[in-house]
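As provided, start-v7.txt (compact mmCIF, C-alpha atoms) reads as follows.
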```txt
# COMPACT_ATOMS: atom_id res chain seq x y z
CA MET A 1 249.27 76.07 63.45
CA SER A 2 250.55 75.92 59.88
CA SER A 3 251.63 79.20 58.34
CA THR A 4 250.52 80.06 54.82
CA SER A 5 252.70 83.15 54.48
CA ALA A 6 255.64 84.75 56.23
CA PRO A 7 255.09 87.81 58.43
CA ALA A 8 255.58 91.10 56.63
CA GLU A 9 258.86 92.93 57.22
CA THR A 10 257.05 96.29 57.01
CA ALA A 11 253.50 97.30 57.87
CA GLY A 12 251.26 94.53 56.65
CA THR A 13 249.45 91.29 57.32
CA SER A 14 249.93 87.56 57.04
CA CYS A 15 247.61 84.63 57.60
CA GLU A 16 247.93 81.18 59.10
CA THR A 17 245.60 78.30 59.78
CA PHE A 18 244.48 78.19 63.42
CA GLY A 19 242.17 75.19 63.41
CA ARG A 20 238.63 74.07 62.72
CA THR A 21 235.43 74.49 64.70
CA SER A 22 233.39 71.56 65.96
CA SER A 23 230.97 72.26 63.10
CA GLY A 24 233.77 71.98 60.53
CA GLU A 25 234.47 75.64 59.74
CA ASP A 26 238.08 76.64 59.15
CA VAL A 27 239.50 79.31 61.48
CA GLN A 28 242.22 81.73 60.39
CA ARG A 29 244.72 83.65 62.50
CA TRP A 30 245.79 86.96 60.97
CA LEU A 31 249.03 88.60 62.08
CA LEU A 32 249.36 92.40 61.87
CA SER A 33 252.88 93.84 62.05
CA THR A 34 254.38 97.33 61.95
CA PRO A 35 257.83 98.62 60.93
CA ALA A 36 258.78 99.20 64.59
CA GLY A 37 257.93 95.62 65.52
CA ALA A 38 254.47 95.87 67.08
CA GLU A 39 252.33 92.80 66.45
CA ALA A 40 248.69 91.89 66.89
CA ALA A 41 246.81 88.73 65.99
CA VAL A 42 243.13 88.46 65.08
CA LEU A 43 241.09 85.27 64.74
CA SER A 44 238.22 84.81 62.30
CA LEU A 45 236.41 82.90 65.07
CA GLY A 46 234.59 85.49 67.14
CA GLY A 47 236.41 88.41 65.51
CA THR A 48 238.85 87.81 68.34
CA LEU A 49 241.85 89.90 69.36
CA HIS A 50 244.18 87.01 70.13
CA SER A 51 247.49 88.78 70.81
CA LEU A 52 248.99 92.25 71.19
CA ARG A 53 252.69 93.01 71.57
CA VAL A 54 254.31 96.45 71.48
CA PRO A 55 258.12 96.73 71.80
CA GLY A 56 259.85 99.21 74.08
CA ALA A 57 262.12 99.55 77.07
CA GLY A 58 261.63 96.51 79.26
CA GLY A 59 261.15 94.21 76.30
CA ASP A 60 258.32 92.83 74.23
CA VAL A 61 255.58 91.19 76.31
CA GLU A 62 252.19 89.68 75.56
CA LEU A 63 249.51 92.14 76.68
CA VAL A 64 246.42 90.09 75.79
CA ALA A 65 245.36 86.67 77.07
CA GLY A 66 244.48 84.48 74.09
CA LEU A 67 243.33 80.88 74.35
CA PRO A 68 245.55 78.20 72.78
CA ASP A 69 243.23 76.59 70.23
CA VAL A 70 239.72 76.40 68.81
CA ALA A 71 238.62 73.70 71.24
CA ALA A 72 239.60 75.87 74.21
CA ILE A 73 237.70 78.83 72.77
CA GLU A 74 234.57 76.76 72.19
CA ALA A 75 234.77 75.32 75.72
CA SER A 76 235.26 78.68 77.44
CA GLY A 77 232.43 80.97 78.45
CA SER A 78 234.65 83.97 79.21
CA PHE A 79 234.72 85.71 75.80
CA PHE A 80 238.53 85.95 75.60
CA GLY A 81 239.27 88.77 73.13
CA ALA A 82 235.99 88.31 71.26
CA THR A 83 233.85 90.82 69.42
CA VAL A 84 230.52 90.59 71.24
CA GLY A 85 227.08 91.49 69.92
CA ARG A 86 224.46 92.23 68.83
CA PHE A 87 224.25 93.81 72.25
CA ALA A 88 227.18 93.90 74.64
CA ASN A 89 226.72 93.25 78.35
CA ARG A 90 223.41 92.30 79.97
CA ILE A 91 219.77 92.52 78.94
CA ALA A 92 217.39 91.94 81.84
CA ASN A 93 215.31 88.76 81.71
CA ALA A 94 216.70 88.08 78.21
CA ARG A 95 213.91 90.08 76.61
CA PHE A 96 213.01 93.52 75.30
CA SER A 97 210.12 95.18 73.46
CA LEU A 98 210.48 97.10 70.23
CA GLY A 99 207.59 98.59 68.28
CA GLY A 100 205.12 96.78 70.50
CA VAL A 101 206.70 93.38 69.83
CA GLU A 102 208.48 91.47 72.59
CA HIS A 103 211.72 89.74 71.62
CA HIS A 104 213.29 86.88 73.58
CA ILE A 105 217.03 86.13 73.52
CA PRO A 106 218.10 82.50 73.95
CA SER A 107 220.48 82.67 76.90
CA GLY A 108 221.17 79.05 77.76
CA ASP A 109 220.69 78.39 81.45
CA ALA A 110 221.03 82.07 82.39
CA GLU A 111 218.07 84.21 83.43
CA HIS A 112 219.49 87.29 81.72
CA ALA A 113 221.09 87.64 78.29
CA LEU A 114 224.82 88.35 78.23
CA HIS A 115 226.77 89.65 75.22
CA GLY A 116 224.12 88.88 72.62
CA GLY A 117 222.92 85.49 73.82
CA ALA A 118 224.20 81.95 73.99
CA GLN A 119 225.33 81.97 70.34
CA GLY A 120 226.36 85.59 69.89
CA PHE A 121 228.93 87.10 67.55
CA ASP A 122 231.74 85.61 69.66
CA ARG A 123 230.67 82.14 68.44
CA LYS A 124 230.56 83.01 64.74
CA VAL A 125 233.28 82.62 62.11
CA TRP A 126 233.75 85.98 60.42
CA THR A 127 234.95 86.67 56.88
CA VAL A 128 238.37 88.38 56.98
CA GLU A 129 240.37 90.25 54.36
CA PRO A 130 243.58 92.30 54.63
CA VAL A 131 243.55 96.06 54.14
CA PRO A 132 246.19 96.71 51.44
CA GLY A 133 249.26 98.65 52.53
CA GLU A 134 248.37 98.67 56.23
CA ALA A 135 248.74 96.47 59.27
CA ALA A 136 244.99 96.02 59.21
CA VAL A 137 242.23 93.49 58.58
CA ARG A 138 238.54 93.96 57.81
CA LEU A 139 236.10 91.44 59.28
CA ARG A 140 232.51 91.01 58.10
CA LEU A 141 229.53 89.16 59.49
CA THR A 142 225.88 88.91 58.47
CA SER A 143 223.51 88.36 61.39
CA PRO A 144 220.17 87.25 59.90
CA ASP A 145 216.74 88.38 61.02
CA GLY A 146 215.86 86.53 64.22
CA ASP A 147 219.46 85.69 65.08
CA MET A 148 219.46 85.17 68.86
CA GLY A 149 215.98 86.69 68.90
CA PHE A 150 217.03 90.07 67.51
CA PRO A 151 214.94 91.60 64.69
CA GLY A 152 216.32 92.59 61.30
CA THR A 153 219.27 91.45 59.23
CA LEU A 154 222.38 93.19 60.56
CA GLU A 155 225.47 93.65 58.40
CA VAL A 156 228.54 94.14 60.59
CA GLU A 157 232.08 95.23 59.77
CA VAL A 158 235.02 95.49 62.17
CA VAL A 159 238.43 96.84 61.15
CA TYR A 160 241.51 96.27 63.32
CA THR A 161 244.41 98.62 62.49
CA LEU A 162 247.81 98.45 64.22
CA SER A 163 250.21 101.40 63.98
CA ASP A 164 253.37 102.78 65.55
CA LEU A 165 253.41 105.97 67.61
CA PRO A 166 256.00 108.71 67.15
CA GLY A 167 258.52 108.42 69.96
CA GLY A 168 257.69 104.78 70.70
CA GLY A 169 254.74 102.62 71.50
CA GLY A 170 251.83 101.68 69.33
CA GLU A 171 248.08 101.61 69.12
CA LEU A 172 245.36 99.25 67.99
CA ARG A 173 242.36 101.01 66.49
CA ILE A 174 239.04 99.15 66.28
CA ASP A 175 236.44 100.64 63.92
CA TYR A 176 232.91 99.25 63.94
CA LEU A 177 230.17 99.67 61.32
CA ALA A 178 226.69 98.15 61.24
CA THR A 179 223.57 98.56 59.09
CA THR A 180 220.15 96.95 59.37
CA ASP A 181 216.98 96.41 57.35
CA ALA A 182 214.72 96.66 60.42
CA PRO A 183 214.95 98.48 63.76
CA THR A 184 217.23 96.59 66.15
CA PRO A 185 219.34 97.35 69.23
CA VAL A 186 223.09 97.45 68.59
CA SER A 187 226.07 97.73 70.91
CA LEU A 188 229.35 96.06 69.96
CA THR A 189 232.54 95.84 71.97
CA ASN A 190 235.77 93.89 72.30
CA HIS A 191 236.25 91.64 75.33
CA ALA A 192 240.05 91.36 75.49
CA TYR A 193 241.73 90.57 78.81
CA TYR A 194 244.81 92.77 79.39
CA ASN A 195 247.78 92.78 81.71
CA VAL A 196 250.04 95.75 80.95
CA ASP A 197 253.00 94.09 82.68
CA GLY A 198 252.50 91.02 80.51
CA VAL A 199 250.09 88.13 80.74
CA GLY A 200 251.41 85.67 83.31
CA SER A 201 253.38 88.35 85.20
CA GLY A 202 251.07 88.32 88.20
CA THR A 203 248.08 90.18 89.52
CA ILE A 204 246.75 93.49 88.18
CA GLU A 205 245.95 94.67 91.71
CA PRO A 206 249.06 96.92 92.03
CA HIS A 207 248.35 98.58 88.68
CA LEU A 208 247.14 102.17 88.69
CA LEU A 209 243.79 102.84 87.02
CA ARG A 210 242.30 106.17 86.05
CA LEU A 211 238.78 106.44 84.63
CA ALA A 212 237.36 109.71 83.31
CA ALA A 213 233.96 108.97 84.81
CA SER A 214 232.22 110.66 87.72
CA ARG A 215 229.29 108.21 87.72
CA TYR A 216 228.79 104.47 87.45
CA LEU A 217 225.86 102.05 87.25
CA PRO A 218 225.11 100.17 90.48
CA VAL A 219 223.68 96.70 89.89
CA GLY A 220 221.07 94.49 91.47
CA GLU A 221 220.17 90.84 91.03
CA GLY A 222 222.05 89.18 88.19
CA LEU A 223 224.28 92.26 87.83
CA ILE A 224 221.49 94.11 86.02
CA PRO A 225 221.78 97.91 86.42
CA THR A 226 219.26 99.34 88.85
CA GLY A 227 218.70 102.39 86.64
CA GLU A 228 220.59 104.80 88.88
CA LEU A 229 223.56 106.80 87.62
CA ARG A 230 225.41 106.97 90.93
CA PRO A 231 228.28 109.38 91.71
CA VAL A 232 231.59 107.61 92.31
CA ALA A 233 232.79 110.15 94.88
CA GLY A 234 233.52 108.54 98.23
CA THR A 235 233.10 104.99 96.92
CA PRO A 236 235.47 102.20 95.80
CA PHE A 237 234.41 103.13 92.25
CA ASP A 238 236.19 106.48 92.26
CA PHE A 239 239.08 106.25 89.81
CA THR A 240 238.92 109.87 88.71
CA GLU A 241 242.50 110.07 90.00
CA PRO A 242 244.94 107.17 89.53
CA ARG A 243 244.38 104.51 92.17
CA ARG A 244 245.67 100.99 92.68
CA ILE A 245 243.07 98.52 91.43
CA GLY A 246 243.48 96.36 94.51
CA GLU A 247 243.21 99.23 96.99
CA ARG A 248 239.49 98.73 97.64
CA LEU A 249 238.83 95.61 95.58
CA ARG A 250 237.99 93.46 98.59
CA GLU A 251 235.98 95.92 100.66
CA ALA A 252 232.58 95.04 102.08
CA ASP A 253 230.84 97.59 99.86
CA PRO A 254 227.58 95.94 98.71
CA GLN A 255 228.37 96.63 95.06
CA ILE A 256 231.82 95.05 95.34
CA VAL A 257 230.30 92.05 97.12
CA ALA A 258 227.56 91.65 94.48
CA ALA A 259 230.09 91.36 91.64
CA GLN A 260 232.89 89.74 93.68
CA GLY A 261 234.99 92.72 92.62
CA TYR A 262 234.62 95.17 89.76
CA ASP A 263 232.17 94.22 87.02
CA HIS A 264 230.34 97.48 86.48
CA CYS A 265 229.77 100.06 83.79
CA TRP A 266 231.17 103.55 84.25
CA VAL A 267 229.33 106.47 82.64
CA LEU A 268 231.99 108.33 80.69
CA ASP A 269 232.05 112.09 81.26
CA ALA A 270 233.31 112.99 77.77
CA THR A 271 230.97 110.81 75.73
CA PHE A 272 227.70 110.08 77.55
CA GLU A 273 225.76 113.17 76.51
CA ALA A 274 227.00 113.09 72.90
CA ALA A 275 229.60 111.20 70.91
CA PRO A 276 232.72 113.33 70.30
CA ALA A 277 234.08 114.00 66.82
CA GLU A 278 237.18 111.98 67.72
CA PRO A 279 237.60 109.25 70.35
CA ALA A 280 238.22 110.73 73.80
CA LEU A 281 240.77 109.52 76.33
CA VAL A 282 238.64 107.80 78.97
CA ALA A 283 240.92 105.33 80.77
CA GLU A 284 244.56 104.76 81.61
CA VAL A 285 246.21 101.75 83.24
CA THR A 286 249.82 101.98 84.44
CA GLY A 287 251.63 98.76 85.32
CA THR A 288 254.41 98.29 87.83
CA SER A 289 256.72 98.14 84.81
CA GLY A 290 255.76 101.69 83.86
CA ARG A 291 254.03 100.53 80.69
CA VAL A 292 250.77 102.39 80.08
CA LEU A 293 247.57 101.31 78.35
CA GLN A 294 245.27 104.15 77.32
CA VAL A 295 241.71 103.70 76.07
CA LEU A 296 240.10 106.21 73.73
CA THR A 297 236.49 105.86 72.58
CA ASP A 298 233.31 107.56 71.45
CA ARG A 299 231.05 105.13 73.37
CA PRO A 300 229.04 106.45 76.37
CA GLY A 301 230.05 103.72 78.81
CA MET A 302 232.83 101.34 79.70
CA GLN A 303 232.65 98.10 81.65
CA PHE A 304 235.64 97.59 83.91
CA TYR A 305 235.88 93.91 84.78
CA SER A 306 238.59 92.69 87.14
CA GLY A 307 238.26 89.06 86.08
CA ASN A 308 236.30 88.09 89.18
CA PHE A 309 234.78 84.93 87.73
CA LEU A 310 237.94 83.51 86.16
CA ASP A 311 238.51 80.34 88.18
CA GLY A 312 241.66 78.95 86.60
CA SER A 313 239.85 76.62 84.21
CA ASP A 314 241.27 78.55 81.22
CA ALA A 315 244.94 78.72 80.28
CA ASP A 316 246.29 81.13 77.67
CA ALA A 317 248.30 80.31 74.55
CA GLU A 318 251.56 80.59 76.51
CA GLY A 319 250.40 78.13 79.17
CA HIS A 320 249.53 80.62 81.92
CA THR A 321 246.48 79.73 83.97
CA VAL A 322 244.21 82.78 84.04
CA ARG A 323 242.64 83.43 87.42
CA GLN A 324 240.79 86.20 89.21
CA SER A 325 242.60 89.56 88.94
CA ASP A 326 245.33 88.23 86.63
CA THR A 327 243.90 90.39 83.84
CA LEU A 328 241.31 93.10 83.31
CA CYS A 329 238.77 94.06 80.66
CA LEU A 330 237.91 97.60 79.58
CA GLU A 331 234.84 97.16 77.37
CA THR A 332 233.63 100.32 75.62
CA GLN A 333 229.89 100.13 74.98
CA ALA A 334 226.40 101.50 75.31
CA LEU A 335 225.06 101.34 78.83
CA PRO A 336 223.92 97.78 79.64
CA ASP A 337 220.20 97.00 79.45
CA ALA A 338 219.64 100.35 77.72
CA VAL A 339 217.07 98.67 75.48
CA ASN A 340 214.91 98.30 78.61
CA GLN A 341 216.01 101.52 80.34
CA PRO A 342 215.46 104.38 77.86
CA HIS A 343 217.11 107.03 80.04
CA PHE A 344 220.40 105.21 79.40
CA GLY A 345 220.30 106.43 75.79
CA ASP A 346 218.88 105.39 72.43
CA VAL A 347 220.47 102.12 71.27
CA VAL A 348 218.11 101.24 68.41
CA LEU A 349 219.58 101.33 64.90
CA GLN A 350 217.09 102.21 62.16
CA PRO A 351 217.12 101.18 58.49
CA GLY A 352 219.03 103.73 56.44
CA GLN A 353 221.30 104.63 59.37
CA GLU A 354 224.89 103.58 59.95
CA TRP A 355 226.03 102.57 63.42
CA ARG A 356 229.67 103.59 63.71
CA SER A 357 232.04 103.51 66.65
CA THR A 358 235.79 103.66 67.25
CA THR A 359 237.89 102.49 70.19
CA VAL A 360 241.67 102.87 70.36
CA MET A 361 243.92 100.84 72.66
CA ARG A 362 247.15 102.85 72.94
CA VAL A 363 250.27 101.32 74.49
CA LEU A 364 253.07 103.54 75.80
CA PRO A 365 256.22 101.59 76.68
CA PRO A 366 258.11 101.95 79.96
CA ARG A 367 260.62 104.76 79.99
CA SER A 368 264.19 103.50 79.79
```

Please render this file's structure as structure tokens.
Amino acid sequence: MSSTSAPAETAGTSCETFGRTSSGEDVQRWLLSTPAGAEAAVLSLGGTLHSLRVPGAGGDVELVAGLPDVAAIEASGSFFGATVGRFANRIANARFSLGGVEHHIPSGDAEHALHGGAQGFDRKVWTVEPVPGEAAVRLRLTSPDGDMGFPGTLEVEVVYTLSDLPGGGGELRIDYLATTDAPTPVSLTNHAYYNVDGVGSGTIEPHLLRLAASRYLPVGEGLIPTGELRPVAGTPFDFTEPRRIGERLREADPQIVAAQGYDHCWVLDATFEAAPAEPALVAEVTGTSGRVLQVLTDRPGMQFYSGNFLDGSDADAEGHTVRQSDTLCLETQALPDAVNQPHFGDVVLQPGQEWRSTTVMRVLPPRS
């Protein structure tokens, strides 16, 4: 990578060349930095969160698994750090009906559509500009009518903002905005893989996870939700109190077996019925180091994925092979397949409306 500007000494941004896609598009890597030394990196390819580091007791470690180059990103099917859309997670049979018209989503060899189809937002090169005076960048993408089978032209904006916290730590705020000229389903999320002890430090199984969710979505064939909002009480899906991720990860529970671990959507208690005025604290991961990752959002659901299908074929930018349970994803979103299951909530954006959402990833350093 060849740098085009030096990193800012105070809150700000800098940009460097990351590579070029197989179709010849240039890819930029934007570095966000704060006065206290927190850093994040965002790629124009896929609107990708490529790196996140927050200083504190115990040192500065890489919290996000980012792939080493454009070729690795194009070869991977695991959405490392990408912004996914138009519709995050799965849509059954890669089709839905809207206004009496059936729409089909090209999904490659898969029966069901995942994260917006075979050429979703994660495969697009976004336009990026810095936000003056902040450690922030604004990304824009136009998804034309018929893109991956979805109706309407969708204008999308994502803003990543990195800031320090009083008393130590930092947070990455992700603000989403979308508008359309025709009714279309919308659900955007970020698909970063985290390890709060540092990527390459080992398994996430000893980490403590708390989820503010008393229900989750059981899945059937192809990991499509059955339609039930099932109570977590008495199941391996109960993280209402902090519990080690690995404690029941390998049980013979049919839902664990179906997904080879955790790859389910939790129905968030604070946000499912109505979006709060401010993002609510819905998840907390505590590593063996004592470092804490908190997730705040206004979305009704969150997919917790324990990396079950990572087979070691991807290595991150620091050379660590990423395997099952080395990292986790906490993807804030609408409930999957909601476009086919109306009781999951209205996910159709209308012309004249603005689709807005905010998710905050807050990092609290280990206590010295």

Check your understanding: With all atoms listed in the file as the atoms that count, which of A:Ser313, A:Asn89, A:Ser22, A:Asn195 lies nearest to Ser76 (chain A)?
Key ->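 Going through A:Ser313, A:Asn89, A:Ser22, A:Asn195 one by one, the smallest distance to Ser76 (chain A) is for A:Ser313.
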
Distance CA of Gly319 (chain A)-CA of Thr34 (chain A), one decimal place?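 Here the two named atoms are 26.1 Å from each other.
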
Could you give me, as a VMD selection string, the residues within 7 Å of region 277-291 of chain A, counting only C-alpha atoms and dropping anything in the same chain fewer than 4 positions from it?
-> chain A and resid 196 to 197 206 to 212 268 270 295 to 298 358 to 359 364 to 367

Those same residues, written as a PDB file, in the coordinates of the input with C-alpha atoms?
```pdb
ATOM      1  CA  VAL A 196     250.040  95.750  80.950  1.00  0.00           C
ATOM      2  CA  ASP A 197     253.000  94.090  82.680  1.00  0.00           C
ATOM      3  CA  PRO A 206     249.060  96.920  92.030  1.00  0.00           C
ATOM      4  CA  HIS A 207     248.350  98.580  88.680  1.00  0.00           C
ATOM      5  CA  LEU A 208     247.140 102.170  88.690  1.00  0.00           C
ATOM      6  CA  LEU A 209     243.790 102.840  87.020  1.00  0.00           C
ATOM      7  CA  ARG A 210     242.300 106.170  86.050  1.00  0.00           C
ATOM      8  CA  LEU A 211     238.780 106.440  84.630  1.00  0.00           C
ATOM      9  CA  ALA A 212     237.360 109.710  83.310  1.00  0.00           C
ATOM     10  CA  LEU A 268     231.990 108.330  80.690  1.00  0.00           C
ATOM     11  CA  ALA A 270     233.310 112.990  77.770  1.00  0.00           C
ATOM     12  CA  VAL A 295     241.710 103.700  76.070  1.00  0.00           C
ATOM     13  CA  LEU A 296     240.100 106.210  73.730  1.00  0.00           C
ATOM     14  CA  THR A 297     236.490 105.860  72.580  1.00  0.00           C
ATOM     15  CA  ASP A 298     233.310 107.560  71.450  1.00  0.00           C
ATOM     16  CA  THR A 358     235.790 103.660  67.250  1.00  0.00           C
ATOM     17  CA  THR A 359     237.890 102.490  70.190  1.00  0.00           C
ATOM     18  CA  LEU A 364     253.070 103.540  75.800  1.00  0.00           C
ATOM     19  CA  PRO A 365     256.220 101.590  76.680  1.00  0.00           C
ATOM     20  CA  PRO A 366     258.110 101.950  79.960  1.00  0.00           C
ATOM     21  CA  ARG A 367     260.620 104.760  79.990  1.00  0.00           C
TER      22      ARG A 367
END
```

(request) Enumerate, as a ChimeraX atom specification, the protein, DNA and RNA residues whose atoms approach (226.1, 98.5, 95.5) to within 8 Å, taking into account all atoms listed in the file and the coordinate frame of the file. (result) /A:218-220,253-258

In terms of all atoms listed in the file, the residue from A:Gly81, A:Gly345, A:Gly46, A:Pro130 at minimal distance from Leu31 (chain A) is A:Pro130

Calculate, to one decimal in Å, the centre and edge lengths of the box along x, y and z of the file that holds all listed atoms of region 345-350 of chain A with 6 Å of margin on each side, and present them as lines of an AutoDock Vina configuration file.
```
center_x = 218.8
center_y = 103.8
center_z = 69.0
size_x = 15.4
size_y = 17.2
size_z = 25.6
```

Practice item. Identify, on the basis of only C-alpha atoms, every residue whose closest approach to Thr83 (chain A) does not exceed 12 Å; exclude the query and any residue fewer than 4 positions from it along the same chain; express the result as a PyMOL selection string. Key: chain A and resi 42-50+78-79+87-89+115-116+120-126+139-141+156-160+174-176+187-192+331-333

Protein, DNA and RNA residues within 7 Å of (248.8, 103.2, 74.6), all atoms listed in the file, as JSON, numbers by chain: {"A": [169, 170, 171, 292, 293, 294, 361, 362, 363, 364]}

Using only C-alpha atoms, the shortest atom-to-atom distance to Ala71 (chain A) among A:Val27, A:Gly301, A:Pro55, A:Thr240 belongs to A:Val27

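Remark: for Pro166 (chain A), the closest of the candidate residues A:Val70, A:Ala36, A:Thr321, A:Thr226 is A:Ala36 (distances computed over only C-alpha atoms).
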
Notebook entry, point to check: Contacts of Ala182 (chain A) at 9 Å or less, counting only C-alpha atoms, minus same-chain residues fewer than 5 places along, as a list in words?
Noted result: Asp145, Pro151, Gly152, Thr153, Leu154, Leu349, Gln350 and Pro351 of chain A

Restricting to all atoms listed in the file, whichever of A:Ser201, A:Tyr193, A:Gly117, A:Glu241 is closest to Leu330 (chain A) is A:Tyr193

Requested in this report: Identify which of the residues A:Thr184, A:Thr17, A:Thr10, A:Asn308 lies closest to Gly99 (chain A), counting all atoms listed in the file when measuring atom-to-atom distances.
Outcome: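 Using all atoms listed in the file, Gly99 (chain A) sits closest to A:Thr184.
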
re CA of Glu247 (chain A) and CA of Ala259 (chain A): distance 16.2 Å

Polymer residues at most 7 Å from Leu67 (chain A), only C-alpha atoms, same-chain spacing of 6 or more positions, as an MDAnalysis selection string: chainID A and resid 73 315:317

Let's have the selection written as a PDB file, keeping the file's coordinate frame, with C-alpha atoms.
```pdb
ATOM      1  CA  ILE A  73     237.700  78.830  72.770  1.00  0.00           C
ATOM      2  CA  ALA A 315     244.940  78.720  80.280  1.00  0.00           C
ATOM      3  CA  ASP A 316     246.290  81.130  77.670  1.00  0.00           C
ATOM      4  CA  ALA A 317     248.300  80.310  74.550  1.00  0.00           C
TER       5      ALA A 317
END
```

Take CA of Glu62 (chain A) and CA of Ala38 (chain A) and report the distance between them in Å, one decimal.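 Atom-to-atom, CA of Glu62 (chain A) and CA of Ala38 (chain A) are spaced 10.7 Å apart.
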
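Using only C-alpha atoms, the residues found no farther than 9 Å from Asp263 (chain A), other than those of its own chain fewer than 3 positions away, are Leu223, Ile256, Ala259, Gln260, Gln303, Phe304, Tyr305, Ser306, Gly307 and Asn308 of chain A.
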
Taking a cut-off of 12 Å and counting only C-alpha atoms, can you build a table that, for each residue of region 213-262 of chain A near region 108-113 of chain A, reports the nearest atom pair and how far apart they are in Å (one decimal), sorted by chain then residue number, as JSON lines?
```
{"residue": "A:Glu221", "atom": "CA", "partner": "A:His112", "partner_atom": "CA", "distance": 10.0}
{"residue": "A:Gly222", "atom": "CA", "partner": "A:His112", "partner_atom": "CA", "distance": 7.2}
{"residue": "A:Leu223", "atom": "CA", "partner": "A:His112", "partner_atom": "CA", "distance": 9.2}
{"residue": "A:Ile224", "atom": "CA", "partner": "A:His112", "partner_atom": "CA", "distance": 8.3}
{"residue": "A:Pro225", "atom": "CA", "partner": "A:His112", "partner_atom": "CA", "distance": 11.8}
```
